[in-house]
file query.pdb (PDB, C-alpha atoms, pLDDT in the B column)
ATOM      1  CA  PRO A  94      19.929 -37.158 -52.976  1.00 87.00           C
ATOM      2  CA  GLU A  95      18.918 -38.442 -56.384  1.00 90.00           C
ATOM      3  CA  SER A  96      17.952 -41.816 -54.886  1.00 93.00           C
ATOM      4  CA  ALA A  97      15.406 -40.102 -52.601  1.00 93.00           C
ATOM      5  CA  LEU A  98      14.024 -38.111 -55.533  1.00 92.00           C
ATOM      6  CA  ALA A  99      13.722 -41.311 -57.573  1.00 93.00           C
ATOM      7  CA  LYS A 100      11.727 -42.977 -54.769  1.00 95.00           C
ATOM      8  CA  LEU A 101       9.420 -39.986 -54.500  1.00 94.00           C
ATOM      9  CA  ARG A 102       8.874 -39.955 -58.268  1.00 93.00           C
ATOM     10  CA  ALA A 103       8.188 -43.706 -58.217  1.00 95.00           C
ATOM     11  CA  ALA A 104       5.546 -43.069 -55.543  1.00 96.00           C
ATOM     12  CA  GLY A 105       3.840 -40.596 -57.869  1.00 95.00           C
ATOM     13  CA  VAL A 106       4.987 -37.419 -56.139  1.00 94.00           C
ATOM     14  CA  GLU A 107       5.446 -34.557 -58.574  1.00 89.00           C
ATOM     15  CA  ILE A 108       8.866 -32.987 -58.090  1.00 90.00           C
ATOM     16  CA  ALA A 109      10.200 -29.753 -59.497  1.00 88.00           C
ATOM     17  CA  LEU A 110      13.733 -28.599 -58.736  1.00 89.00           C
ATOM     18  CA  SER A 111      14.353 -24.891 -58.572  1.00 89.00           C
ATOM     19  CA  PRO A 112      17.325 -23.326 -60.303  1.00 87.00           C
ATOM     20  CA  ALA A 113      20.329 -22.786 -58.067  1.00 83.00           C
ATOM     21  CA  ALA A 114      20.503 -19.174 -56.985  1.00 79.00           C
ATOM     22  CA  ASP A 115      23.918 -18.797 -55.430  1.00 84.00           C
ATOM     23  CA  ALA A 116      24.183 -15.050 -55.905  1.00 90.00           C
ATOM     24  CA  PRO A 117      21.838 -12.125 -55.267  1.00 95.00           C
ATOM     25  CA  ALA A 118      21.288 -11.392 -58.969  1.00 93.00           C
ATOM     26  CA  ARG A 119      19.955 -14.928 -59.570  1.00 93.00           C
ATOM     27  CA  VAL A 120      17.082 -14.742 -57.068  1.00 96.00           C
ATOM     28  CA  PRO A 121      14.518 -13.581 -59.684  1.00 97.00           C
ATOM     29  CA  GLU A 122      15.040 -16.950 -61.424  1.00 95.00           C
ATOM     30  CA  LYS A 123      13.899 -18.728 -58.243  1.00 94.00           C
ATOM     31  CA  ILE A 124      10.938 -16.373 -57.866  1.00 96.00           C
ATOM     32  CA  ALA A 125       9.876 -17.054 -61.481  1.00 96.00           C
ATOM     33  CA  PHE A 126      10.255 -20.806 -60.946  1.00 96.00           C
ATOM     34  CA  VAL A 127       7.998 -20.798 -57.883  1.00 95.00           C
ATOM     35  CA  GLY A 128       5.497 -18.536 -59.640  1.00 96.00           C
ATOM     36  CA  ALA A 129       5.324 -20.893 -62.611  1.00 96.00           C
ATOM     37  CA  ALA A 130       4.992 -23.952 -60.370  1.00 93.00           C
ATOM     38  CA  LEU A 131       2.073 -22.341 -58.533  1.00 94.00           C
ATOM     39  CA  GLY A 132       0.466 -20.794 -61.606  1.00 96.00           C
ATOM     40  CA  LEU A 133       1.135 -17.305 -60.250  1.00 98.00           C
ATOM     41  CA  GLU A 134       3.373 -15.940 -62.988  1.00 97.00           C
ATOM     42  CA  ALA A 135       2.074 -12.342 -62.820  1.00 98.00           C
ATOM     43  CA  GLU A 136       2.496 -12.212 -59.043  1.00 98.00           C
ATOM     44  CA  ALA A 137       5.969 -13.705 -59.361  1.00 98.00           C
ATOM     45  CA  GLU A 138       6.978 -11.107 -61.932  1.00 98.00           C
ATOM     46  CA  ALA A 139       5.758  -8.319 -59.637  1.00 98.00           C
ATOM     47  CA  MET A 140       7.721  -9.861 -56.752  1.00 98.00           C
ATOM     48  CA  ALA A 141      10.820 -10.223 -58.933  1.00 97.00           C
ATOM     49  CA  ALA A 142      10.547  -6.563 -59.995  1.00 98.00           C
ATOM     50  CA  ALA A 143      10.237  -5.457 -56.355  1.00 98.00           C
ATOM     51  CA  TYR A 144      13.218  -7.653 -55.514  1.00 98.00           C
ATOM     52  CA  ARG A 145      15.325  -6.100 -58.294  1.00 98.00           C
ATOM     53  CA  ASP A 146      14.478  -2.617 -56.983  1.00 98.00           C
ATOM     54  CA  ALA A 147      15.362  -3.585 -53.400  1.00 98.00           C
ATOM     55  CA  LEU A 148      18.601  -5.198 -54.570  1.00 98.00           C
ATOM     56  CA  ALA A 149      19.579  -2.105 -56.562  1.00 98.00           C
ATOM     57  CA  ALA A 150      18.897   0.089 -53.526  1.00 98.00           C
ATOM     58  CA  ALA A 151      20.966  -2.202 -51.290  1.00 98.00           C
ATOM     59  CA  GLU A 152      23.812  -2.273 -53.809  1.00 97.00           C
ATOM     60  CA  ALA A 153      23.764   1.534 -54.027  1.00 98.00           C
ATOM     61  CA  GLU A 154      23.869   1.854 -50.239  1.00 97.00           C
ATOM     62  CA  VAL A 155      26.782  -0.592 -49.993  1.00 97.00           C
ATOM     63  CA  ALA A 156      28.637   1.203 -52.810  1.00 96.00           C
ATOM     64  CA  ALA A 157      28.367   4.471 -50.881  1.00 97.00           C
ATOM     65  CA  MET A 158      30.001   2.937 -47.783  1.00 96.00           C
ATOM     66  CA  GLU A 159      33.685   3.525 -47.172  1.00 92.00           C
ATOM     67  CA  GLY A 160      36.175   0.684 -47.075  1.00 89.00           C
ATOM     68  CA  ARG A 161      36.054  -3.001 -47.850  1.00 92.00           C
ATOM     69  CA  PRO A 162      36.721  -4.858 -44.606  1.00 95.00           C
ATOM     70  CA  ARG A 163      38.372  -8.267 -44.757  1.00 97.00           C
ATOM     71  CA  ALA A 164      35.758 -10.672 -43.439  1.00 98.00           C
ATOM     72  CA  LEU A 165      36.059 -14.356 -42.663  1.00 98.00           C
ATOM     73  CA  PHE A 166      32.878 -16.423 -42.911  1.00 98.00           C
ATOM     74  CA  VAL A 167      33.116 -19.260 -40.397  1.00 97.00           C
ATOM     75  CA  LEU A 168      30.565 -21.986 -40.980  1.00 95.00           C
ATOM     76  CA  ALA A 169      31.483 -24.085 -37.956  1.00 92.00           C
ATOM     77  CA  ILE A 170      34.295 -25.143 -35.680  1.00 90.00           C
ATOM     78  CA  ARG A 171      35.076 -28.783 -36.458  1.00 81.00           C
ATOM     79  CA  GLY A 172      37.708 -30.748 -34.656  1.00 80.00           C
ATOM     80  CA  GLY A 173      39.059 -27.500 -33.262  1.00 83.00           C
ATOM     81  CA  ALA A 174      39.562 -25.929 -36.691  1.00 90.00           C
ATOM     82  CA  PRO A 175      37.202 -23.375 -38.222  1.00 95.00           C
ATOM     83  CA  LEU A 176      35.488 -24.420 -41.451  1.00 95.00           C
ATOM     84  CA  VAL A 177      35.577 -21.274 -43.604  1.00 97.00           C
ATOM     85  CA  ALA A 178      34.136 -20.091 -46.905  1.00 97.00           C
ATOM     86  CA  GLY A 179      36.532 -19.668 -49.779  1.00 97.00           C
ATOM     87  CA  ARG A 180      35.869 -18.575 -53.357  1.00 96.00           C
ATOM     88  CA  GLY A 181      32.866 -20.013 -55.142  1.00 94.00           C
ATOM     89  CA  THR A 182      30.684 -20.408 -52.048  1.00 95.00           C
ATOM     90  CA  SER A 183      27.376 -18.783 -51.261  1.00 94.00           C
ATOM     91  CA  ALA A 184      29.085 -17.103 -48.307  1.00 96.00           C
ATOM     92  CA  ASP A 185      31.698 -15.607 -50.639  1.00 97.00           C
ATOM     93  CA  ALA A 186      28.855 -14.165 -52.736  1.00 96.00           C
ATOM     94  CA  ILE A 187      27.069 -12.575 -49.767  1.00 97.00           C
ATOM     95  CA  LEU A 188      30.345 -11.134 -48.409  1.00 97.00           C
ATOM     96  CA  ALA A 189      31.037  -9.527 -51.790  1.00 97.00           C
ATOM     97  CA  ALA A 190      27.489  -8.187 -52.040  1.00 97.00           C
ATOM     98  CA  ALA A 191      27.861  -6.612 -48.592  1.00 97.00           C
ATOM     99  CA  GLY A 192      31.077  -4.880 -49.641  1.00 97.00           C
ATOM    100  CA  ALA A 193      33.498  -7.133 -47.779  1.00 97.00           C
ATOM    101  CA  GLU A 194      36.667  -8.734 -49.048  1.00 97.00           C
ATOM    102  CA  ASN A 195      36.727 -12.477 -48.363  1.00 98.00           C
ATOM    103  CA  ALA A 196      39.719 -13.089 -46.085  1.00 98.00           C
ATOM    104  CA  ALA A 197      39.716 -16.722 -47.263  1.00 97.00           C
ATOM    105  CA  ALA A 198      39.715 -15.902 -50.979  1.00 96.00           C
ATOM    106  CA  ALA A 199      42.884 -17.969 -51.434  1.00 96.00           C
ATOM    107  CA  LEU A 200      40.754 -21.062 -50.787  1.00 96.00           C
ATOM    108  CA  THR A 201      38.091 -22.588 -53.014  1.00 96.00           C
ATOM    109  CA  GLY A 202      34.938 -23.994 -51.441  1.00 96.00           C
ATOM    110  CA  TRP A 203      34.447 -24.762 -47.759  1.00 96.00           C
ATOM    111  CA  LYS A 204      37.754 -25.660 -46.110  1.00 96.00           C
ATOM    112  CA  PRO A 205      39.157 -26.058 -42.609  1.00 96.00           C
ATOM    113  CA  MET A 206      41.637 -23.315 -41.751  1.00 95.00           C
ATOM    114  CA  SER A 207      44.643 -23.791 -39.517  1.00 94.00           C
ATOM    115  CA  ARG A 208      45.498 -21.399 -36.688  1.00 93.00           C
ATOM    116  CA  GLU A 209      48.390 -20.018 -38.726  1.00 95.00           C
ATOM    117  CA  ALA A 210      46.181 -19.498 -41.769  1.00 96.00           C
ATOM    118  CA  VAL A 211      43.562 -17.632 -39.702  1.00 96.00           C
ATOM    119  CA  LEU A 212      46.267 -15.336 -38.340  1.00 96.00           C
ATOM    120  CA  ALA A 213      47.734 -14.833 -41.822  1.00 96.00           C
ATOM    121  CA  ALA A 214      44.275 -14.069 -43.278  1.00 97.00           C
ATOM    122  CA  ARG A 215      44.009 -11.053 -40.916  1.00 97.00           C
ATOM    123  CA  PRO A 216      40.197 -10.875 -40.859  1.00 98.00           C
ATOM    124  CA  GLU A 217      38.811  -7.557 -39.653  1.00 97.00           C
ATOM    125  CA  ALA A 218      35.426  -9.178 -39.011  1.00 97.00           C
ATOM    126  CA  VAL A 219      34.121 -12.695 -38.465  1.00 97.00           C
ATOM    127  CA  VAL A 220      30.722 -13.654 -39.852  1.00 97.00           C
ATOM    128  CA  MET A 221      28.767 -16.699 -38.702  1.00 97.00           C
ATOM    129  CA  MET A 222      25.297 -18.133 -38.967  1.00 96.00           C
ATOM    130  CA  ASP A 223      23.551 -17.686 -35.630  1.00 94.00           C
ATOM    131  CA  GLY A 224      22.913 -21.395 -34.992  1.00 93.00           C
ATOM    132  CA  HIS A 225      26.531 -22.331 -35.638  1.00 92.00           C
ATOM    133  CA  ALA A 226      27.733 -19.414 -33.525  1.00 93.00           C
ATOM    134  CA  GLU A 227      25.568 -20.609 -30.629  1.00 93.00           C
ATOM    135  CA  ARG A 228      27.004 -24.133 -30.882  1.00 92.00           C
ATOM    136  CA  ALA A 229      30.493 -22.622 -30.699  1.00 91.00           C
ATOM    137  CA  GLY A 230      29.600 -20.641 -27.568  1.00 92.00           C
ATOM    138  CA  GLY A 231      28.755 -17.416 -29.414  1.00 93.00           C
ATOM    139  CA  VAL A 232      30.727 -15.145 -31.710  1.00 95.00           C
ATOM    140  CA  GLU A 233      32.503 -13.677 -28.689  1.00 95.00           C
ATOM    141  CA  ALA A 234      33.807 -17.143 -27.772  1.00 94.00           C
ATOM    142  CA  VAL A 235      35.045 -17.680 -31.332  1.00 95.00           C
ATOM    143  CA  LEU A 236      36.816 -14.299 -31.308  1.00 96.00           C
ATOM    144  CA  ALA A 237      38.448 -15.203 -27.982  1.00 96.00           C
ATOM    145  CA  ARG A 238      39.960 -18.428 -29.367  1.00 94.00           C
ATOM    146  CA  PRO A 239      43.750 -18.310 -29.779  1.00 92.00           C
ATOM    147  CA  ASP A 240      43.440 -18.515 -33.570  1.00 91.00           C
ATOM    148  CA  PHE A 241      41.174 -15.426 -33.695  1.00 96.00           C
ATOM    149  CA  ALA A 242      42.157 -13.364 -30.638  1.00 96.00           C
ATOM    150  CA  LEU A 243      45.258 -11.916 -32.305  1.00 96.00           C
ATOM    151  CA  THR A 244      43.526 -11.014 -35.570  1.00 97.00           C
ATOM    152  CA  PRO A 245      42.155  -7.516 -36.169  1.00 98.00           C
ATOM    153  CA  ALA A 246      38.635  -8.977 -35.726  1.00 97.00           C
ATOM    154  CA  GLY A 247      39.555 -10.579 -32.410  1.00 97.00           C
ATOM    155  CA  ARG A 248      41.295  -7.484 -31.043  1.00 97.00           C
ATOM    156  CA  ALA A 249      38.328  -5.269 -32.026  1.00 96.00           C
ATOM    157  CA  GLY A 250      35.687  -7.809 -30.986  1.00 95.00           C
ATOM    158  CA  ARG A 251      34.172  -7.476 -34.434  1.00 96.00           C
ATOM    159  CA  GLY A 252      31.956 -10.418 -35.214  1.00 96.00           C
ATOM    160  CA  VAL A 253      28.403 -10.893 -36.382  1.00 95.00           C
ATOM    161  CA  ALA A 254      25.992 -13.798 -36.284  1.00 96.00           C
ATOM    162  CA  LEU A 255      22.934 -13.620 -38.531  1.00 95.00           C
ATOM    163  CA  ASP A 256      20.138 -15.991 -39.466  1.00 94.00           C
ATOM    164  CA  GLY A 257      21.633 -18.637 -41.749  1.00 93.00           C
ATOM    165  CA  SER A 258      18.739 -18.809 -44.192  1.00 92.00           C
ATOM    166  CA  LEU A 259      18.763 -15.005 -44.437  1.00 92.00           C
ATOM    167  CA  LEU A 260      22.496 -14.964 -45.184  1.00 93.00           C
ATOM    168  CA  LEU A 261      22.793 -17.930 -47.510  1.00 93.00           C
ATOM    169  CA  GLY A 262      19.236 -18.666 -48.667  1.00 91.00           C
ATOM    170  CA  PHE A 263      19.340 -16.225 -51.593  1.00 94.00           C
ATOM    171  CA  GLY A 264      15.632 -15.520 -51.597  1.00 93.00           C
ATOM    172  CA  PRO A 265      13.378 -12.460 -51.485  1.00 94.00           C
ATOM    173  CA  ARG A 266      15.037 -11.241 -48.241  1.00 95.00           C
ATOM    174  CA  THR A 267      18.546 -11.137 -49.724  1.00 96.00           C
ATOM    175  CA  PRO A 268      18.671  -7.309 -49.945  1.00 97.00           C
ATOM    176  CA  ASP A 269      17.915  -7.271 -46.191  1.00 97.00           C
ATOM    177  CA  ALA A 270      20.766  -9.734 -45.613  1.00 96.00           C
ATOM    178  CA  ILE A 271      23.163  -7.601 -47.650  1.00 97.00           C
ATOM    179  CA  LEU A 272      22.337  -4.482 -45.634  1.00 97.00           C
ATOM    180  CA  ALA A 273      22.376  -6.265 -42.266  1.00 95.00           C
ATOM    181  CA  LEU A 274      25.810  -7.688 -43.029  1.00 95.00           C
ATOM    182  CA  ALA A 275      27.154  -4.442 -44.475  1.00 95.00           C
ATOM    183  CA  HIS A 276      26.098  -2.472 -41.411  1.00 93.00           C
TER
END

call {"tool": "encode", "arguments": {"input": "query.pdb", "output": "C-alpha cells"}}
result
Amino acid sequence: PESALAKLRAAGVEIALSPAADAPARVPEKIAFVGAALGLEAEAEAMAAAYRDALAAAEAEVAAMEGRPRALFVLAIRGGAPLVAGRGTSADAILAAAGAENAAAALTGWKPMSREAVLAARPEAVVMMDGHAERAGGVEAVLARPDFALTPAGRAGRGVALDGSLLLGFGPRTPDAILALAH
C-alpha cells in the first residue's frame, strides 16, 4: 500500500517499483529494471535476450500443438463458489500463452462463478495454483464438486495445479510455465 511505501521512504529506505509485467512479452522490462537497480545492465540484457529466445521457442511449441482447450483458472473456492480468472487477469494471459481458451472470458477480472455458470462455461481443464488447490482438498476434490463434476474437465478428470509464482509471476521462468501448462 502507498501508506507503507510512504513510511519506508520517510525512514530513509530507498524504494524502486518495478514495471508491471502482466504478460510474457513484458518480462524483459522487469529484467532490465532489476539490472539497472543493481548496476548489472549488461547481465540483464543478456538475460533478457535469453528469455526472449526461450519465449519464442515456447510460443513455437505451443503453436504447433493441436486444439485450444477451454480452461478455467480457479484461484480459490470462497464461500462455496470458485473465484475464477476472467479477461484482463494475469491468469488469462498465461492461459492464452499456453494455447488455451479462457472458459471465463465473458467475465472481466477475478469473479466468483455460480454453479450454473461453471456448467455453462464447459471447461475442458481446470487450472489452479498448487497452494490454493491443496487448501481446497486437491484438484481432484475440486473436479469432484457438483459444479465441476458434470463439466468436460470433471468427467475427464483433467485438472492441473502448478506453482503459483511460476504461473502468475511473469519472470524469467515464464517460458517454463507456458510449456508446463500447455503440456

call {"tool": "atom_distance", "arguments": {"input": "query.pdb", "atom1": "atom CA of A:Pro268", "atom2": "atom CA of A:Gly224"}}
result
21.0 Å

call {"tool": "closest_atom_pairs", "arguments": {"input": "query.pdb", "of": "stretch 150-232 of chain A", "to": "stretch 98-116 of chain A", "cutoff": "9 Å", "atoms": "all atoms listed in the file", "output": "JSON lines"}}
result
{"residue": "A:Thr182", "atom": "CA", "partner": "A:Asp115", "partner_atom": "CA", "distance": 7.7}
{"residue": "A:Ser183", "atom": "CA", "partner": "A:Asp115", "partner_atom": "CA", "distance": 5.4}
{"residue": "A:Ala184", "atom": "CA", "partner": "A:Asp115", "partner_atom": "CA", "distance": 9.0}
{"residue": "A:Ala186", "atom": "CA", "partner": "A:Ala116", "partner_atom": "CA", "distance": 5.7}
{"residue": "A:Ile187", "atom": "CA", "partner": "A:Ala116", "partner_atom": "CA", "distance": 7.2}
{"residue": "A:Ala190", "atom": "CA", "partner": "A:Ala116", "partner_atom": "CA", "distance": 8.5}

call {"tool": "resolve_selection", "arguments": {"input": "query.pdb", "expression": "the PyMOL selection byres ((chain A and resi 188) around 9)", "output": "compact mmCIF listing (two decimals) with C-alpha atoms, in the frame of the given file"}}
result
# COMPACT_ATOMS: atom_id res chain seq x y z
CA ALA A 164 35.76 -10.67 -43.44
CA LEU A 165 36.06 -14.36 -42.66
CA PHE A 166 32.88 -16.42 -42.91
CA SER A 183 27.38 -18.78 -51.26
CA ALA A 184 29.08 -17.10 -48.31
CA ASP A 185 31.70 -15.61 -50.64
CA ALA A 186 28.86 -14.16 -52.74
CA ILE A 187 27.07 -12.58 -49.77
CA ALA A 189 31.04 -9.53 -51.79
CA ALA A 190 27.49 -8.19 -52.04
CA ALA A 191 27.86 -6.61 -48.59
CA GLY A 192 31.08 -4.88 -49.64
CA ALA A 193 33.50 -7.13 -47.78
CA GLU A 194 36.67 -8.73 -49.05
CA ASN A 195 36.73 -12.48 -48.36
CA VAL A 220 30.72 -13.65 -39.85
CA ILE A 271 23.16 -7.60 -47.65
CA LEU A 274 25.81 -7.69 -43.03
CA ALA A 275 27.15 -4.44 -44.48

call {"tool": "resolve_selection", "arguments": {"input": "query.pdb", "expression": "the PyMOL selection byres ((chain A and resi 241) around 12)", "output": "PyMOL selection string"}}
result
chain A and resi 165+167+174-175+206-219+232-240+242-252

call {"tool": "residues_around", "arguments": {"input": "query.pdb", "residues": "A:Ala147", "least_positions_apart": "4", "cutoff": "12 Å", "atoms": "all atoms listed in the file", "output": "MDAnalysis selection string"}}
result
chainID A and resid 117:118 120:121 140:143 151:154 265:272

call {"tool": "residues_around", "arguments": {"input": "query.pdb", "residues": "A:His225", "least_positions_apart": "4", "cutoff": "9 Å", "atoms": "all atoms listed in the file", "output": "PDB file with C-alpha atoms, in the frame of the given file"}}
result
ATOM      1  CA  VAL A 167      33.116 -19.260 -40.397  1.00 97.00           C
ATOM      2  CA  LEU A 168      30.565 -21.986 -40.980  1.00 95.00           C
ATOM      3  CA  ALA A 169      31.483 -24.085 -37.956  1.00 92.00           C
ATOM      4  CA  ILE A 170      34.295 -25.143 -35.680  1.00 90.00           C
ATOM      5  CA  MET A 221      28.767 -16.699 -38.702  1.00 97.00           C
ATOM      6  CA  ALA A 229      30.493 -22.622 -30.699  1.00 91.00           C
ATOM      7  CA  GLY A 230      29.600 -20.641 -27.568  1.00 92.00           C
ATOM      8  CA  GLY A 231      28.755 -17.416 -29.414  1.00 93.00           C
ATOM      9  CA  ALA A 254      25.992 -13.798 -36.284  1.00 96.00           C
ATOM     10  CA  GLY A 257      21.633 -18.637 -41.749  1.00 93.00           C
TER      11      GLY A 257
END

call {"tool": "atom_distance", "arguments": {"input": "query.pdb", "atom1": "atom CA of A:Ala97", "atom2": "atom CA of A:Gly202"}}
result
25.3 Å

call {"tool": "residues_around", "arguments": {"input": "query.pdb", "residues": "A:Trp203", "least_positions_apart": "3", "cutoff": "9 Å", "atoms": "only C-alpha atoms", "output": "PDB file with C-alpha atoms, in the coordinates of the input"}}
result
ATOM      1  CA  LEU A 168      30.565 -21.986 -40.980  1.00 95.00           C
ATOM      2  CA  LEU A 176      35.488 -24.420 -41.451  1.00 95.00           C
ATOM      3  CA  VAL A 177      35.577 -21.274 -43.604  1.00 97.00           C
ATOM      4  CA  ALA A 178      34.136 -20.091 -46.905  1.00 97.00           C
ATOM      5  CA  GLY A 179      36.532 -19.668 -49.779  1.00 97.00           C
ATOM      6  CA  ARG A 180      35.869 -18.575 -53.357  1.00 96.00           C
ATOM      7  CA  GLY A 181      32.866 -20.013 -55.142  1.00 94.00           C
ATOM      8  CA  THR A 182      30.684 -20.408 -52.048  1.00 95.00           C
ATOM      9  CA  LEU A 200      40.754 -21.062 -50.787  1.00 96.00           C
TER      10      LEU A 200
END

call {"tool": "atom_distance", "arguments": {"input": "query.pdb", "atom1": "atom CA of A:Leu255", "atom2": "atom CA of A:Gly128"}}
result
27.8 Å

call {"tool": "closest_residue", "arguments": {"input": "query.pdb", "among": "A:Gly262, A:Pro205, A:Ala150, A:Val155", "to": "A:Gly173", "atoms": "only C-alpha atoms"}}
result
A:Pro205

call {"tool": "closest_residue", "arguments": {"input": "query.pdb", "among": "A:Gly264, A:Arg161, A:Ala135, A:Gly172", "to": "A:Leu148", "atoms": "all atoms listed in the file"}}
result
A:Gly264

call {"tool": "build_atoms", "arguments": {"input": "query.pdb", "residues": "stretch 208-232 of chain A", "atoms": "N, CA and C atoms", "output": "compact mmCIF listing (two decimals), keeping the file's coordinate frame"}}
result
# COMPACT_ATOMS: atom_id res chain seq x y z
N ARG A 208 45.28 -22.58 -37.52
CA ARG A 208 45.50 -21.40 -36.69
C ARG A 208 46.40 -20.40 -37.41
N GLU A 209 47.45 -20.90 -38.02
CA GLU A 209 48.39 -20.02 -38.73
C GLU A 209 47.72 -19.33 -39.91
N ALA A 210 46.87 -20.08 -40.62
CA ALA A 210 46.18 -19.50 -41.77
C ALA A 210 45.17 -18.43 -41.34
N VAL A 211 44.48 -18.64 -40.21
CA VAL A 211 43.56 -17.63 -39.70
C VAL A 211 44.33 -16.36 -39.37
N LEU A 212 45.46 -16.51 -38.69
CA LEU A 212 46.27 -15.34 -38.34
C LEU A 212 46.78 -14.64 -39.60
N ALA A 213 47.21 -15.42 -40.58
CA ALA A 213 47.73 -14.83 -41.82
C ALA A 213 46.63 -14.17 -42.64
N ALA A 214 45.39 -14.64 -42.53
CA ALA A 214 44.28 -14.07 -43.28
C ALA A 214 43.90 -12.68 -42.77
N ARG A 215 44.24 -12.36 -41.53
CA ARG A 215 44.01 -11.05 -40.92
C ARG A 215 42.57 -10.55 -41.09
N PRO A 216 41.57 -11.37 -40.72
CA PRO A 216 40.20 -10.88 -40.86
C PRO A 216 39.95 -9.69 -39.94
N GLU A 217 39.22 -8.72 -40.46
CA GLU A 217 38.81 -7.56 -39.65
C GLU A 217 37.43 -7.78 -39.05
N ALA A 218 36.73 -8.80 -39.54
CA ALA A 218 35.43 -9.18 -39.01
C ALA A 218 35.23 -10.67 -39.23
N VAL A 219 34.48 -11.28 -38.34
CA VAL A 219 34.12 -12.70 -38.47
C VAL A 219 32.61 -12.76 -38.60
N VAL A 220 32.15 -13.50 -39.58
CA VAL A 220 30.72 -13.65 -39.85
C VAL A 220 30.36 -15.12 -39.66
N MET A 221 29.24 -15.34 -38.94
CA MET A 221 28.77 -16.70 -38.70
C MET A 221 27.26 -16.74 -38.81
N MET A 222 26.73 -17.92 -39.06
CA MET A 222 25.30 -18.13 -38.97
C MET A 222 24.97 -18.28 -37.49
N ASP A 223 23.84 -17.74 -37.06
CA ASP A 223 23.55 -17.69 -35.63
C ASP A 223 23.52 -19.06 -34.95
N GLY A 224 22.95 -20.06 -35.60
CA GLY A 224 22.91 -21.40 -34.99
C GLY A 224 24.29 -21.99 -34.78
N HIS A 225 25.16 -21.82 -35.76
CA HIS A 225 26.53 -22.33 -35.64
C HIS A 225 27.31 -21.53 -34.60
N ALA A 226 27.06 -20.24 -34.54
CA ALA A 226 27.73 -19.41 -33.52
C ALA A 226 27.33 -19.87 -32.13
N GLU A 227 26.04 -20.14 -31.94
CA GLU A 227 25.57 -20.61 -30.63
C GLU A 227 26.24 -21.91 -30.23
N ARG A 228 26.36 -22.85 -31.18
CA ARG A 228 27.00 -24.13 -30.88
C ARG A 228 28.47 -23.97 -30.53
N ALA A 229 29.08 -22.88 -31.00
CA ALA A 229 30.49 -22.62 -30.70
C ALA A 229 30.64 -21.76 -29.44
N GLY A 230 29.53 -21.46 -28.77
CA GLY A 230 29.60 -20.64 -27.57
C GLY A 230 29.37 -19.16 -27.83
N GLY A 231 28.99 -18.81 -29.04
CA GLY A 231 28.76 -17.42 -29.41
C GLY A 231 29.93 -16.84 -30.19
N VAL A 232 29.67 -15.78 -30.92
CA VAL A 232 30.73 -15.14 -31.71
C VAL A 232 31.85 -14.66 -30.80
